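Enquirer: What follows is a structure written as structure tokens; I'll ask about it next.
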Amino acid sequence: MRPGQIATLVNAAADGDQDAWDVIVTRFQGLVWATVRSYRLDDAESADVVQTCWLRLVENLGKLREPERLGGWLATTARRECLRCLRTAGRSIPVDDETVFDRAAPDSGAELDAELLRGERDTGVWRAFGRISDRCQRLLRILTADPAPSYEDLSETLDMPIGSIGPTRQRCLERLRTELIAEGIASA
Amino acid sequence: MTTPPDDDALLAELGGLFARVDPVPAEVTLAARSALAWRRMDAELAELLHDSALETEPLAGIRGTGGGWRTLTFETANGLSIELEVTVERSMRSLMGQIVPPGPARVLVRFPGADIPTLADDLGRFQASDLRPGPISLRCELTDGRAIETGWVTI
């Protein structure tokens with residue numbers, strides 16, 4: 001979707017155009033969901049935080065300074081809501097510090113319905129993913145959101161300069177590959 | 001055993017895995033679509049100015065207890081403010097509010113899909129309890145006919 005199209009959709013939605021709003025939801029809900037899930041909120045918390053993001057967008061439709069950067073705005077709103085949710089619940093905040101990239105996450109925290117994992121390979125990939133650092137997990141989760149977020153949106157979502165995304169992505173995938181080998185589902 | 005997949009293949013595999021095991025739930029999509037119905041038509045917006053849950057240090061007494069309180073301040077462009085204290089107790093939330101300048105008002109605690117009415121007394125104080133967690137916005141209808149609505153927050 002071209003940036004100008006997003007601004008047009010935002011303006012139409014601000015006037016109450018439901019079709020335009022539905023297109024916005026379809027375009028960005030994957031990014032918002034991936035962002036929220038990367039903070040390991042449970043299902044109910046995730047649903048609440050996502051809904052708050054959309055409601056907040058509705059109240060800001062006419063006031064966005066850069067409507068073409070909507071994805072970044074939504075994901076930033078989601079990230080802040082997640083931190084609020086974690087703090088209110090008295091839970092620890094996942095570490096977001098670049099320097100701990102190489103440190104494995106203390107626990108995978110991957111609370112997924114195990115029945116949905118198809119076979120050994122899925123299970124192995126999932127376990128390997130759970131062992132890379134929080135920040136790598138977050139980056140890969142958000143990178144693979146569907147539809148794929150733009151690099152501008154990613155940069156804002158991950159609070160990372162655009163130029164760092166490529167090298168970081170490569171490094172995180174390298175960590176994941178090492179874990180896949182440890183799982184025995186790939187050879188060195 | 002196979003050779004490790006290259007970057008693009010590995011990302012594609014991960015993307016497929018997430019899409020299968022953790023897709024956007026249908027009810028989340030439905031709720032997102034219905035959010036447009038909450039456009040503010042006839043009220044002034046009181047924007048969130050302060051939220052204790054966004055302070056760097058968590059409030060004493062909150063961390064690890066699964067309960068605690070949180071203070072929020074909303075303000076309109078005209079300087080009317082709404083102070084809100086949210087008490088968190090496991091899966092229940094209670095609100096104590098104060099409208100400034102003080103005065104009576106009809107207050108609606110709005111959840112998507114449900115409004116819970118309450119009243120602010122002559123000193124502008126109001127409360128609501130036994131609320132479930134979720135996004136809320138407060139709508140305050142003042143005696144002079146003005147309506148104020150706060151920005152949405154998750155309680």
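Ligands are numbered from 1 in the order shown, residues from 1 within each chain, and chains are lettered A, B, ... in the order they appear in the structure tokens.
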For segment 124-135 of chain B, find every residue with an atom within 6 Å (counting only C-alpha atoms), except residues of its own chain fewer than 3 positions away, and show them as a list of chain:residue names.
Expert: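 Here the answer would be A:Asp48, A:Thr52, B:Met92, B:Arg93, B:Ser94, B:Leu95, B:Met96, B:Gly97, B:Gln98, B:Ile99, B:Pro102, B:Gly103, B:Pro104, B:Leu119, B:Ala120, B:Asp121, B:Val153, B:Thr154, B:Ile155.
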Enquirer: Residues within 12 Å of Met160 of chain A, please, as JSON, numbers by chain. Count only C-alpha atoms; anything in the same chain fewer than 6 positions from it doesn't count.
Expert: {"A": [72, 76, 96, 97, 98, 135, 139, 151, 152, 153, 154, 166, 167, 168, 169]}
Enquirer: Would you export the selected residues with C-alpha atoms as an mmCIF file, in the first residue's frame, please?
Expert:
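Contents of the output file again_23.cif:
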```cif
data_model
loop_
_atom_site.group_PDB
_atom_site.id
_atom_site.type_symbol
_atom_site.label_atom_id
_atom_site.label_comp_id
_atom_site.auth_asym_id
_atom_site.auth_seq_id
_atom_site.Cartn_x
_atom_site.Cartn_y
_atom_site.Cartn_z
ATOM 1 C CA GLY A 72 4.535 2.873 13.355
ATOM 2 C CA THR A 76 4.211 2.341 19.250
ATOM 3 C CA ASP A 96 15.040 -4.285 25.552
ATOM 4 C CA ASP A 97 18.717 -3.540 25.797
ATOM 5 C CA GLU A 98 20.880 -4.081 22.701
ATOM 6 C CA ARG A 135 14.709 -8.907 21.717
ATOM 7 C CA LEU A 139 12.253 -8.699 16.133
ATOM 8 C CA TYR A 151 10.942 -0.962 7.271
ATOM 9 C CA GLU A 152 9.771 2.480 8.434
ATOM 10 C CA ASP A 153 7.065 0.875 10.544
ATOM 11 C CA LEU A 154 9.503 -1.742 11.826
ATOM 12 C CA GLY A 166 19.051 -5.758 8.453
ATOM 13 C CA PRO A 167 22.187 -6.603 10.462
ATOM 14 C CA THR A 168 20.143 -7.353 13.598
ATOM 15 C CA ARG A 169 17.793 -9.588 11.648
#
```
Enquirer: Ranking B:Ser81, B:Glu141, B:Asp122, B:Thr150 by minimum distance to chain A and counting only C-alpha atoms, which one comes first?
Expert: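 Going through B:Ser81, B:Glu141, B:Asp122, B:Thr150 one by one, the smallest distance to chain A is for B:Thr150.
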Enquirer: Just want the 8 Å neighbourhood of segment 16-25 of chain A, counted on only C-alpha atoms, with same-chain residues fewer than 4 positions away dropped. Output as a list of chain:residue names.
Expert: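 Here the qualifying residues turn out to be A:Ile6, A:Leu9, A:Val10, A:Ala12, A:Gln29, B:Thr29, B:Ala32, B:Arg33, B:Leu36, B:Arg39.
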Enquirer: Can you check which residues of chain B DSSP gives as strand (DSSP E or B) on the backbone and send them as JSON, numbers by chain?
Expert: {"B": [44, 45, 46, 47, 48, 49, 50, 51, 67, 68, 69, 70, 71, 72, 73, 74, 75, 81, 82, 83, 84, 85, 86, 87, 88, 89, 92, 93, 94, 95, 96, 97, 98, 99, 100, 105, 106, 107, 108, 109, 110, 111, 114, 115, 116, 117, 118, 119, 120, 125, 126, 127, 128, 129, 130, 131, 135, 136, 137, 138, 139, 140, 141, 142, 147, 148, 149, 150, 153, 154]}
